[in-house]
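Participant: Provided herewith is a single structure, encoded as structure tokens, for subsequent inquiry.
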Amino acid sequence: MARFIVRRFLSLIPTLFIIITLSFIIIRVAPGGPFSSEKNIPEAIMNNILKKYHMDEPFLQQYLRYMGDVLHGDLGPSYRYVDHDVNFLISHALPVSMLLGTISMLVAVILGILVGIVSSLRQNSWVDYTAMSVAVIGISIPLFVIGPVIMWFFAMRLQWLPTSGWIDSRRGWVTIIMPVITLSFTYFAYIARLSRASILEVLRSDYIRTARAKGLKQSTVVVKHVLKGALLPVVSYLGPAFAGILTGSVVVEQVFLVPGVGRIFIQAALNRDYTLIMGEVIVYSLILVVLNFAVDIIYGFLDPRISYK
Amino acid sequence: MKKIFVALLVSVSLFGAFADASMIINNGAEPQSLDPALIQGVPEQRINTAIFEGLLRYNPKTALGEPGLAESWTVSKDKLTYTFKLRANAVWSDGTPITAQTVVDSWLRSLDPATGSEYAYMMGMVVKGADDYNSGKGKKEDVAIKAVDDHTFQMTLVGPTPYALDMLPHQAFDVVPMHAIAKYGKDWTKPENFVGDGPYIVKEWKPQEQITVVKNPKYWDAKSVLLDSIEFLPIDDNNTGYQKYKNGEIDWVTSSSIPVANIDELKLRKDYQVSPQVATYYYIFNVTKKPVDDVRVRKALSMALNTKELVDKVTKGGELVATSIAPAMPGYTPAKGNAYNEAAAKKLLAQAGYPDGKGFPKLTVIYNTNDTHKKIAEWVQQKWKTVLGIDVELQNIEWKTFLDIRNKHDFVISRAGWVGDYQDPNTFLDMFLKDSGNNNGAYNNPKYDDLVTKAATQSGAERFKTLNQAEEILMTQDEAVAPLYFYVNQDLIDLTKWSGWYANPLGIHSYVGIKKVK
């Protein structure tokens, strides 16, 4: 097990290296640069700016300089938000996105599995039909539609919640409600359908029949025997789901003005803020790689057929 | 008992009024920086006017210069040397005095090539020796500014440029706390280190979330600072910003954040404020590319457009029809230009060799991706089709790519907009000088260059006359661009709740005198 973890961990290094290098090149191929603006800057002044950020150096030298800084944990100054370093901007935004993502994920998983269980145990009842119809809506409507609709309903129509913003002393925690609903809805829907289908399949298997034949209670059968087998597909979906939550948070953060990494990612790309884009790419890839890794390990615990050698 | 109750009620309501004297503004974007030397955009400027002040500040009604740090000034006979008398009681928010030397050091810092200030060129345009130092050609010592004594500052200009005075409130001429910069380096703008000389000081800065500024009790005109705090929200989604406004979570939606898609609804609102702006919306012709290298084609394309219809039925925000590049300004009458005239347009196109558009080469009009620009481009496309019988293609391009294409002159016709930095036709006309970095259409007419250069040595009505002659060449004779309309400031702010807020031609507000009345 330990060997597996070390090996997987080491394999992350070339992956990250390739991601960083490719991004570094691709970003610079895009037309326009961080300092191009509508009012054209005189050449002498532009040269001063480029010099200040070492952008007058040859490409390879810039790349080596950047890689050196990254190895020292320094993601460089932001080219757009010049008062801040990328490290500061990301360390400020990442906890926000992590909080939003984690709560949304928990809501999606817990509610999704609960609804899955209820639907499968009451298959073809009105409960099942209602739940699955809601799930279809959740899967088919994109976030950028759900978000504004929810905002209109709760904030404009009912006036229960502020339209947008993030947790602060004035508004408190309520601002997190709509982003979480929006972000978790799609994944809740997938997980509900997935666990329902999976539970139904397991319910018909021989070992469940055996468990029932032994005279076990329905609740014991479900919790001890059905769920363990039925949750495997759900667990393997968690990796992609978390990736989806991350990318989805770009939209949700934009709609609800959540100051997370998704929001700066869009700004960084539009502004050609090279260092900030790179910083975000590194953070996103780290998160994805680590999460996939975590899912692999959880899988091992749930499925005895998989062993880490 | 009743008396006590009333007293209690009054004090509670008073306390309520004080506690609540805060204004929340949709500022449209996260600022690049708070350092006056490093900012360019409007959202940055909107914060800047609250936290810094130069020798002059913007008059809230006219946006022209009025005494700021300098309480008075004198101008030499040759109109080249300005001597400013600084206020004796001017101090930074930490109590450090502001002296004439602070002004000198601040300006030199902005000009220092190592600072990399994009707006330093504005100082270079007017102050003698500034451009040379900034571009590395000259020495720091040769910049013609000096501290005569602690409270007397003097500058010498490159010519009798009368707009220099109205440029002074601009952030390019701000005074910065050199002592704090020396102490904190790059981190001097962080709220915990911040020192300023404006009506407000930075209290909190949460990136992508909000910037809060609070009243600066040490500001020389603190009695006119009537709000306790101002919050700037960087909301880039105009629709979200509008919803927040309608829900009472924002007090002022600024001009660039107006949701233009809702213009019909907005126009019915009493809190929708429209006023003329020193800004022009136009299409640039690249005069080096066929077929618009032919002036007859350029005139035909421009005169085929009934821009009255455009502002009435497409943009609908109260914009003003334009036939010149520079809007009318105090003392200046813009060029006549070539107004809408379908018959003349058709005739010119025929003379150029394309009767009824026959044989007209296929060309593409580019614009930066945006709903308004798209609607306008589609309207233009349709007009050129119906009036002139020519087909053009439209192409929307992402902003930075768009700028890149325009700067490389790699287009035939391109959408453009220009907002004046100060209230003088020069801010528009110097774009079209042969060597101007903003001459995207590669316009080149030595006679025009001569006139604009000559005007810089003149003053008063004579100067305006020369500039008008230049613009007649640029617009009426050469039709270097097709002007569509003059922008308007569009703001959402309820003036029954806020007094001391005035729409002005630059759309710049220093917050001095703004008061919450309800």
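Simple scheme: letters A, B, ... for chains in structure tokens order, numbers from 1 for residues in each chain, numbers from 1 for ligands in the order shown.
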Find the residues near region 74-76 of chain A: any atom within 10 Å, counting only C-alpha atoms, skip ones fewer than 5 places away on the same chain, and give them as a list in words.
Facilitator: Tyr53, Tyr66, Met67, Gly68, Asp69, His84, Asp85, Val86, Asn87, Phe88, Ile90, Tyr274, Thr275, Leu276, Met278, Gly279, Glu280 and Ile282 of chain A
Participant: Kindly determine which residues of chain A lie within 9 Å of chain B, considering only C-alpha atoms, and give the answer as an NGL selection string.
Facilitator: :A and (30-34 or 36-52 or 79-84 or 89 or 92-93 or 148 or 152 or 155-156 or 159 or 162-166 or 254-260 or 263-264 or 270-272)
Participant: Could you give me, as a list in words, the residues within 8 Å of region 344-349 of chain B, counting only C-alpha atoms and dropping anything in the same chain fewer than 4 positions from it?
Facilitator: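 In the requested format, the answer is Arg296, Val297, Lys299, Ala300, Leu301, Ser302, Met303, Ala304, Gly353, Tyr354, Pro355, Asp356, Gly357, Val387 and Leu388 of chain B.
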Participant: Determine the nearest neighbour of Ala352 (chain B) from the options B:His170, B:Pro291, B:Lys183, B:Glu66, counting only C-alpha atoms.
Facilitator: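 Comparing B:His170, B:Pro291, B:Lys183, B:Glu66 against Ala352 (chain B), the winner is B:Pro291.
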Participant: Run DSSP on the backbone and tell me which residues of region 31-275 of chain A come out as helix (DSSP H, G or I); list them as a PyMOL selection string.
Facilitator: chain A and resi 43-52+59-71+86-121+126-140+143-157+173-203+206-213+218-230+232-255+261-271+274-275
Participant: Need the shell around region 125-129 of chain A: protein/DNA/RNA residues with any atom at most 12 Å away, counting only C-alpha atoms. Skip same-chain ones fewer than 2 positions apart. Format as an NGL selection string?
Facilitator: :A and (114-123 or 131-136 or 192-193 or 196-197)
Participant: Okay, now the selection with N, CA and C atoms, as a short mmCIF file (atom, residue, chain, number, x, y, z; two decimals), in the first residue's frame?
Facilitator:
```
data_model
loop_
_atom_site.label_atom_id
_atom_site.label_comp_id
_atom_site.auth_asym_id
_atom_site.auth_seq_id
_atom_site.Cartn_x
_atom_site.Cartn_y
_atom_site.Cartn_z
N LEU A 114 -29.19 9.30 -0.43
CA LEU A 114 -30.47 9.13 0.27
C LEU A 114 -31.61 8.98 -0.71
N VAL A 115 -31.67 9.89 -1.67
CA VAL A 115 -32.75 9.83 -2.66
C VAL A 115 -32.64 8.55 -3.48
N GLY A 116 -31.41 8.14 -3.77
CA GLY A 116 -31.19 6.89 -4.51
C GLY A 116 -31.75 5.70 -3.75
N ILE A 117 -31.49 5.67 -2.45
CA ILE A 117 -31.97 4.55 -1.64
C ILE A 117 -33.50 4.52 -1.61
N VAL A 118 -34.06 5.70 -1.30
CA VAL A 118 -35.53 5.76 -1.18
C VAL A 118 -36.18 5.38 -2.51
N SER A 119 -35.64 5.91 -3.61
CA SER A 119 -36.23 5.63 -4.92
C SER A 119 -36.14 4.15 -5.26
N SER A 120 -35.02 3.56 -4.96
CA SER A 120 -34.86 2.16 -5.36
C SER A 120 -35.71 1.25 -4.49
N LEU A 121 -35.82 1.57 -3.19
CA LEU A 121 -36.64 0.72 -2.32
C LEU A 121 -38.12 0.90 -2.62
N ARG A 122 -38.47 2.08 -3.09
CA ARG A 122 -39.89 2.31 -3.46
C ARG A 122 -39.98 2.44 -4.98
N GLN A 123 -39.37 1.52 -5.65
CA GLN A 123 -39.31 1.62 -7.10
C GLN A 123 -40.71 1.72 -7.71
N ALA A 131 -38.69 11.97 -7.68
CA ALA A 131 -37.26 12.15 -7.47
C ALA A 131 -36.50 12.04 -8.79
N MET A 132 -36.87 11.07 -9.59
CA MET A 132 -36.13 10.89 -10.83
C MET A 132 -36.43 11.99 -11.85
N SER A 133 -37.65 12.56 -11.80
CA SER A 133 -37.94 13.68 -12.71
C SER A 133 -37.08 14.87 -12.32
N VAL A 134 -36.99 15.13 -11.02
CA VAL A 134 -36.15 16.23 -10.56
C VAL A 134 -34.71 16.00 -11.00
N ALA A 135 -34.29 14.73 -10.89
CA ALA A 135 -32.91 14.41 -11.27
C ALA A 135 -32.66 14.69 -12.75
N VAL A 136 -33.64 14.34 -13.59
CA VAL A 136 -33.48 14.59 -15.02
C VAL A 136 -33.33 16.09 -15.28
N ALA A 192 -27.97 10.54 -7.47
CA ALA A 192 -29.25 9.92 -7.15
C ALA A 192 -29.59 8.83 -8.19
N ARG A 193 -29.44 9.16 -9.46
CA ARG A 193 -29.76 8.19 -10.51
C ARG A 193 -28.79 7.00 -10.48
N ARG A 196 -29.45 4.83 -7.41
CA ARG A 196 -30.71 4.10 -7.56
C ARG A 196 -30.51 2.88 -8.47
N ALA A 197 -29.91 3.11 -9.62
CA ALA A 197 -29.70 2.03 -10.57
C ALA A 197 -28.83 0.94 -9.97
#
```
Participant: Find the spatial neighbours of Asn27 (chain B), counting only C-alpha atoms, within a cut-off of 9 Å - ignore same-chain residues fewer than 5 positions away - and output them as an MDAnalysis selection string.
Facilitator: chainID B and resid 42:44 46:47 232:236 252:254 256:257
Participant: Applying 12 Å and only C-alpha atoms, which residues near Glu231 (chain B) remain after dropping the ones on its own chain fewer than 4 positions away? List them as a ChimeraX atom specification.
Facilitator: /B:21-27,46-47,50,200-206,209-215,227,235,249-252
Participant: CA of Val226 (chain A) to CA of Arg212 (chain A): how many Å, to one decimal?
Facilitator: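 If I compute the distance from CA of Val226 (chain A) to CA of Arg212 (chain A), I get 11.1 Å.
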Participant: Among region 65-265 of chain A, which ones does DSSP assign to strand (DSSP E or B) (computed from the backbone)? Answer as a ChimeraX atom specification.
Facilitator: /A:77,85,168,172
Participant: In Å, how far is it from CA of Ile146 (chain A) to CA of Val289 (chain A)?
Facilitator: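 Computing the Euclidean distance for CA of Ile146 (chain A) and CA of Val289 (chain A) yields 28.7 Å.
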Participant: Could you give me, as a list in words, the residues within 8 Å of Leu451 (chain B), counting only C-alpha atoms and dropping anything in the same chain fewer than 2 positions from it?
Facilitator: Lys447, Tyr448, Asp449, Thr453, Lys454, Ala455, Thr466, Leu467, Gln469 and Ala470 of chain B
Participant: Residues of the last selection are to be written out with all heavy atoms, as a compact mmCIF listing (two decimals), in the first residue's frame.
Facilitator:
```txt
# COMPACT_ATOMS: atom_id res chain seq x y z
N LYS B 447 -0.33 67.82 -43.70
CA LYS B 447 -0.98 69.10 -43.41
C LYS B 447 -1.69 69.05 -42.06
O LYS B 447 -1.68 70.00 -41.28
CB LYS B 447 -1.99 69.41 -44.52
CG LYS B 447 -1.76 70.77 -45.17
CD LYS B 447 -2.60 70.93 -46.41
CE LYS B 447 -3.75 71.87 -46.20
NZ LYS B 447 -4.71 71.86 -47.34
N TYR B 448 -2.31 67.90 -41.82
CA TYR B 448 -3.00 67.69 -40.53
C TYR B 448 -1.99 67.73 -39.38
O TYR B 448 -2.18 68.44 -38.40
CB TYR B 448 -3.73 66.34 -40.55
CG TYR B 448 -4.38 65.97 -39.24
CD1 TYR B 448 -5.60 66.52 -38.88
CD2 TYR B 448 -3.77 65.08 -38.35
CE1 TYR B 448 -6.20 66.19 -37.67
CE2 TYR B 448 -4.36 64.75 -37.16
CZ TYR B 448 -5.57 65.30 -36.82
OH TYR B 448 -6.16 64.98 -35.63
N ASP B 449 -0.90 66.98 -39.54
CA ASP B 449 0.14 66.94 -38.51
C ASP B 449 0.67 68.35 -38.20
O ASP B 449 0.84 68.71 -37.03
CB ASP B 449 1.31 66.05 -38.95
CG ASP B 449 0.95 64.57 -38.87
OD1 ASP B 449 -0.27 64.28 -38.74
OD2 ASP B 449 1.85 63.71 -38.94
N THR B 453 0.35 70.18 -34.55
CA THR B 453 1.60 70.57 -33.90
C THR B 453 1.63 72.08 -33.67
O THR B 453 2.08 72.55 -32.63
CB THR B 453 2.81 70.15 -34.75
OG1 THR B 453 2.52 68.88 -35.34
CG2 THR B 453 4.06 70.02 -33.92
N LYS B 454 1.14 72.82 -34.68
CA LYS B 454 1.12 74.28 -34.57
C LYS B 454 0.22 74.71 -33.41
O LYS B 454 0.57 75.62 -32.64
CB LYS B 454 0.61 74.88 -35.88
CG LYS B 454 0.66 76.39 -35.95
CD LYS B 454 0.22 76.87 -37.34
CE LYS B 454 -0.53 78.18 -37.28
NZ LYS B 454 -1.38 78.39 -38.46
N ALA B 455 -0.91 74.03 -33.27
CA ALA B 455 -1.87 74.40 -32.22
C ALA B 455 -1.23 74.33 -30.83
O ALA B 455 -1.58 75.09 -29.93
CB ALA B 455 -3.10 73.51 -32.29
N THR B 466 -7.24 76.64 -35.01
CA THR B 466 -6.29 75.76 -35.70
C THR B 466 -6.71 74.30 -35.58
O THR B 466 -6.67 73.54 -36.54
CB THR B 466 -4.87 75.94 -35.12
OG1 THR B 466 -4.60 77.33 -35.01
CG2 THR B 466 -3.84 75.26 -35.98
N LEU B 467 -7.12 73.92 -34.37
CA LEU B 467 -7.54 72.53 -34.16
C LEU B 467 -8.78 72.20 -35.00
O LEU B 467 -8.89 71.11 -35.55
CB LEU B 467 -7.83 72.27 -32.67
CG LEU B 467 -6.59 72.15 -31.79
CD1 LEU B 467 -6.99 72.00 -30.32
CD2 LEU B 467 -5.71 70.97 -32.21
N GLN B 469 -9.52 73.59 -37.86
CA GLN B 469 -9.04 73.42 -39.25
C GLN B 469 -8.47 72.01 -39.44
O GLN B 469 -8.73 71.35 -40.45
CB GLN B 469 -7.94 74.44 -39.56
CG GLN B 469 -8.47 75.85 -39.79
CD GLN B 469 -7.33 76.88 -39.82
OE1 GLN B 469 -6.17 76.54 -39.65
NE2 GLN B 469 -7.69 78.13 -40.04
N ALA B 470 -7.71 71.58 -38.44
CA ALA B 470 -7.13 70.24 -38.52
C ALA B 470 -8.23 69.19 -38.60
O ALA B 470 -8.20 68.27 -39.43
CB ALA B 470 -6.23 69.99 -37.32
```
Participant: Given the choices A:Thr220, A:Ser140, A:Ser78, A:Thr130, which gets closest to Ala268 (chain A) if the distance is worked out from only C-alpha atoms?
Facilitator: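 For Ala268 (chain A), the nearest of the candidates is A:Ser78.
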Participant: Would you work out the distance separating CA of Lys61 (chain B) from CA of Trp498 (chain B), expressed in Å to one decimal?
Facilitator: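 These two atoms are separated by 14.7 Å.
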